[in-house]
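Down below is the structure, laid out as structure tokens.
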Amino acid sequence: MEEFPQKNLSNFNIVYLPFYTSHQKNLNALRILLIIAFLKPPKPKVKEKKETIIALLEEAYKSRVRDLKQSTELGKQALALSVEFDDKALIGKSLNLLSLFSMIMGDHQHSMEMAQEAIVYFEELGDEKGIADAKYNIASINYKTDNYHLGLVNLIDCITIYRKFHDYHNISKSQKSLGTIYEYFGDQNNAVKSYEGAIEAAKIAGDLNLESNAYNNLSGVYLKQKKIDLALEIIEKSMAIKKQTGDVRGSAFAVYGRGKVYANTGKYAEAELDFLQAIAIHQAMGERLGLGMAYNKLGALYIEMGQLQKAKEILYTGLEFSTKYNIAIIKFKCDYHLYRIYKLENNPTKAVEFLESYLSEKEKVINIQTQKVIENYELITKMDTMEKEAQLQREKADIIEKKNKAEHSARVKQEFLSSMSHEIRTPLNAILTIAALLRDKSDTEEKQMLDTLKFSANNLLLIVNDILDFAKLDAGKMQLELHPANISALMQNIKNTYEGVAKKRELNLTLEMDSALAESYDMDETKIQQILANLITNAIKFTDEGDVKIKVTKLSGDFENHQIRFSITDTGIGITENNLESIFDSFSQASAITTKKHGGTGLGLAIVKKMVALHGSIIQLQSEVGKGSSFYFDIKLKLSGVAKKATLQTAYSLKDKVALLAEDNTINAMVAKKLLSNWGITTEVAVNGLEAIEKSKAKEYDFILMDIHMPEMNGFEATAHIRKYENPNMETPIFALTADLTASQEKEYMDYFNGFLTKPIEIDKLYDALTQGVE
């Protein structure tokens, strides 16, 4: 039953009216018999009337724990007003509440009629929660009489609906009732599980009374399991809560529960007082089931105390009471105890009479119902299954949503990186290539200026590359490209590259190569160079005086593989212990001061960490503040034949070759033509993919250089067309020449190209590609 907002009833002139009898079957008869006297003139407005009805319902539900009669009168008043107001939702709520009160007082027929009538209203309104409230009342009637199976079915339906609406108040009530049914047919494990579920739901709802109600029942199960101390602890906790909340009706069940513990531990006098107190409260409150339970337990207690006459009197009272109100489980329990008494009194006729009655009732109630439950046992596990399935569905929806967001984010990120790569590297290509071409024709002073220009442009290029490389590594889209390489030549080139920078800072840059190293290994030269470049750049940047030492050592190996350690050691400022791990995080630097003083994006070491991991290794660090740092990593490299590199002397001549250059940027086209002409190559230019296709149909070229981002048709589509459709250049070497570093990730088009070359153009790599392409 849902909680209603509290209203102040002090201003209301409430006249309590007698409720219609059970034979009044329809609403018209009800309207005729109900006489309303409520709120003296002026007549309240619509909103005020609804608020009045809701206030009555809320007060009726709240007062049920103290005075069921008052609750019933308030409920009747709310129903009468709802009928007058012709509000179907409020009529349904009023009927539900009155059904609940009738059920508690044992008027099961009346309770069932009102619950069924409420369902009619709620079905018309499409109110699932209202239907669940009515079904809860019906389920309670079912299991308190002789139909546990239907009680089980209805309660599971209720819990399913309440969970849908996150109605923890009613989930708690339903779980407690479900636990009671499990107890009836001996399933203590599921009973405990249901009671614990009721307690958890009550705590979420913040309802102490519901929490303590479940403690009452849970204590009883613990008692059956011989967990006496736990049973007593739980029931005393319930009693303390009942005292705190003033729940008179609920306190009777708590006192009854404590009486059971006392009886079990031989404290018969204390148990008798508790059972008598529970009976008195139940009689005052009109609670039928609780009263029947107390009669039964008090009778059983008197048997244990040897007071058989008292036992017979109280058990006959319980038997008459349970027969009158059709409380089947109390009836056959009373039969059993009366059988015990007459057996003790050596009265076989009476003993057999009550034994037969007990067996008959028990077989009818327990065995038939248990069989129905067994036949439909999936209902017992249905709630857990539904909850697990609901949780899985929620997790699945969450995963799909996160996956969709991640994929969308990845696409946006990829598009941005592709665009940024192209837009930044395209002008850099022109700057660096023109600077390289002009240097050969410049005097000393001009060469210094061009070197400065080239250095600055290369610094910008390194920053762009760092960002793009990190993004590729982060997305898991970077792979090793292994080729035979001369390790000594590679390391010497790296040293030569940074020697000038070291000298400007008056540092000594040294290279130490282990003599046990092989001449050539299969390796990804570019990535090894990137790793070491980042480490060497950092070492030089953060060292004010002293040395930066590059060392390559063979640690172990056989005829196929060598384990090799690369290390970079400096005499710089060092790194504090607190920063030893975080220094490898993205965008991390040791301090904001060094960021400003030394520059950089903070991505270098993050890239190093990921690229070393790509080689199956871990970057290691030893450092001492004020003395310097040593970064090192170990990787396994496969021995290879002597690495061969095309050179001007050994390569095929490019003189008189003809190239098709597809390039939409006029400056880049001009620069590329000039560069190719230095090697004796004649170049024809197409300004987009469509023009490149048309030119490829007209004549055969020695090679085609294809930009990727072009108007009309991009380089991917143009290359695919040239490869697929009849033309003189279907087998011509085609090289992607692009400023977009992500272009090589387009697997659909990879096989159409003989290679991917990036802008700014690396002259040696372009030359190597072209010479190998014409071999």
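The way I read the labels, and the way they are meant: chains A, B, ... in the order of the structure tokens, residue 1 as the first residue of every chain, and ligand 1 as the first ligand shown, with later ones counted on from there.
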
Which residues of range 172-264 of chain A sit at most 7 Å from range 276-279 of chain A, using only C-alpha atoms? Give each one's shortest atom pair and distance in Å (one decimal place), in chain and ascending residue order, as JSON lines.
{"residue": "A:Ala252", "atom": "CA", "partner": "A:Ala278", "partner_atom": "CA", "distance": 4.5}
{"residue": "A:Phe253", "atom": "CA", "partner": "A:Ala278", "partner_atom": "CA", "distance": 6.8}
{"residue": "A:Val255", "atom": "CA", "partner": "A:Ala278", "partner_atom": "CA", "distance": 6.1}
{"residue": "A:Tyr256", "atom": "CA", "partner": "A:Ala278", "partner_atom": "CA", "distance": 5.6}

Emit the selected residues as a PDB file, in the first residue's frame, including N, CA, C and O atoms.
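Contents of again31.pdb, as written:
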ATOM      1  N   ALA A 252       2.453  -6.903  19.430  1.00  0.00           N
ATOM      2  CA  ALA A 252       1.881  -8.179  19.866  1.00  0.00           C
ATOM      3  C   ALA A 252       2.613  -9.345  19.208  1.00  0.00           C
ATOM      4  O   ALA A 252       2.876 -10.372  19.856  1.00  0.00           O
ATOM      5  N   PHE A 253       2.958  -9.215  17.941  1.00  0.00           N
ATOM      6  CA  PHE A 253       3.702 -10.273  17.247  1.00  0.00           C
ATOM      7  C   PHE A 253       5.117 -10.395  17.808  1.00  0.00           C
ATOM      8  O   PHE A 253       5.673 -11.490  17.893  1.00  0.00           O
ATOM      9  N   VAL A 255       6.069  -9.614  20.971  1.00  0.00           N
ATOM     10  CA  VAL A 255       5.943 -10.248  22.290  1.00  0.00           C
ATOM     11  C   VAL A 255       5.691 -11.751  22.128  1.00  0.00           C
ATOM     12  O   VAL A 255       6.267 -12.581  22.847  1.00  0.00           O
ATOM     13  N   TYR A 256       4.837 -12.109  21.174  1.00  0.00           N
ATOM     14  CA  TYR A 256       4.564 -13.515  20.863  1.00  0.00           C
ATOM     15  C   TYR A 256       5.862 -14.231  20.468  1.00  0.00           C
ATOM     16  O   TYR A 256       6.127 -15.352  20.923  1.00  0.00           O
TER      17      TYR A 256
END

So which residues touch range 501-517 of chain A within 12 Å, counting only C-alpha atoms, skipping near sequence neighbours fewer than 2 positions away, as a VMD selection string?
chain A and resid 455 486 to 499 519 to 521 536 to 559 561 to 572 637 to 639

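Note that CA of Thr719 in chain A and CA of Asp707 in chain A are 10.0 Å apart.
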
Just the residues within 10 Å of Lys129 in chain A, please, counting only C-alpha atoms, with nothing from its chain fewer than 3 positions along; format it as a VMD selection string.
chain A and resid 1 to 2 122 126 132 to 135 158 161 to 162 164 to 165 167 170

Write a file of the just-selected residues containing N, CA and C atoms, as a short mmCIF file (atom, residue, chain, number, x, y, z; two decimals), in the first residue's frame.
data_model
loop_
_atom_site.label_atom_id
_atom_site.label_comp_id
_atom_site.auth_asym_id
_atom_site.auth_seq_id
_atom_site.Cartn_x
_atom_site.Cartn_y
_atom_site.Cartn_z
N MET A 1 0.86 -1.20 0.00
CA MET A 1 0.00 0.00 0.00
C MET A 1 0.88 1.23 0.00
N GLU A 2 0.65 2.12 -0.88
CA GLU A 2 1.52 3.28 -0.98
C GLU A 2 1.28 4.24 0.18
N PHE A 122 -8.83 -0.44 -11.26
CA PHE A 122 -7.44 -0.24 -11.65
C PHE A 122 -7.15 -0.78 -13.04
N GLY A 126 -5.67 1.24 -16.05
CA GLY A 126 -4.34 0.79 -16.45
C GLY A 126 -3.31 1.03 -15.36
N ALA A 132 -1.51 -4.40 -8.14
CA ALA A 132 -0.61 -5.13 -7.25
C ALA A 132 -1.04 -5.01 -5.79
N ASP A 133 -1.48 -3.81 -5.38
CA ASP A 133 -1.95 -3.62 -4.00
C ASP A 133 -3.15 -4.53 -3.71
N ALA A 134 -4.06 -4.61 -4.67
CA ALA A 134 -5.24 -5.47 -4.48
C ALA A 134 -4.83 -6.94 -4.45
N LYS A 135 -3.90 -7.33 -5.31
CA LYS A 135 -3.45 -8.73 -5.34
C LYS A 135 -2.73 -9.11 -4.05
N CYS A 158 2.81 -9.57 -7.42
CA CYS A 158 2.93 -8.28 -6.73
C CYS A 158 4.38 -7.80 -6.71
N ILE A 161 5.67 -6.44 -9.98
CA ILE A 161 5.19 -5.08 -10.27
C ILE A 161 5.88 -4.06 -9.37
N TYR A 162 5.97 -4.37 -8.08
CA TYR A 162 6.59 -3.42 -7.14
C TYR A 162 8.05 -3.15 -7.49
N LYS A 164 9.27 -3.20 -10.43
CA LYS A 164 9.24 -2.35 -11.62
C LYS A 164 9.17 -0.88 -11.24
N PHE A 165 8.43 -0.59 -10.16
CA PHE A 165 8.24 0.80 -9.72
C PHE A 165 9.18 1.18 -8.57
N ASP A 167 9.18 0.19 -5.60
CA ASP A 167 8.34 0.43 -4.43
C ASP A 167 8.81 -0.50 -3.30
N ASN A 170 6.29 -1.75 -0.36
CA ASN A 170 5.44 -2.89 -0.65
C ASN A 170 6.23 -4.14 -1.00
#

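One finds CA of Tyr767 in chain A at 12.2 Å from CA of Phe703 in chain A.
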
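Among the candidate residues A:Ala435, A:Ala89, A:Leu210, A:Ile204, the one lying nearest to Gln448 in chain A is A:Ala435, with distances computed using only C-alpha atoms.
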
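Checking A:Glu272, A:Ser82, A:Ala698, A:Ser653 one by one against Trp679 in chain A, counting only C-alpha atoms, you find the shortest gap at A:Ser653.
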
Pick out the residues sitting within 12 Å of range 669-677 of chain A, and hand them over as number ranges by chain; count only C-alpha atoms, and ignore anything fewer than 3 positions along from it in its own chain.
A: 426-438, 654-666, 680-688, 703, 705-707, 737, 759-764, 766-767, 770

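Between Met523 in chain A and the candidates A:Ser640, A:Gln620, A:Asn190, A:Ser63, the tightest atom-to-atom separation, counting only C-alpha atoms, involves A:Ser640.
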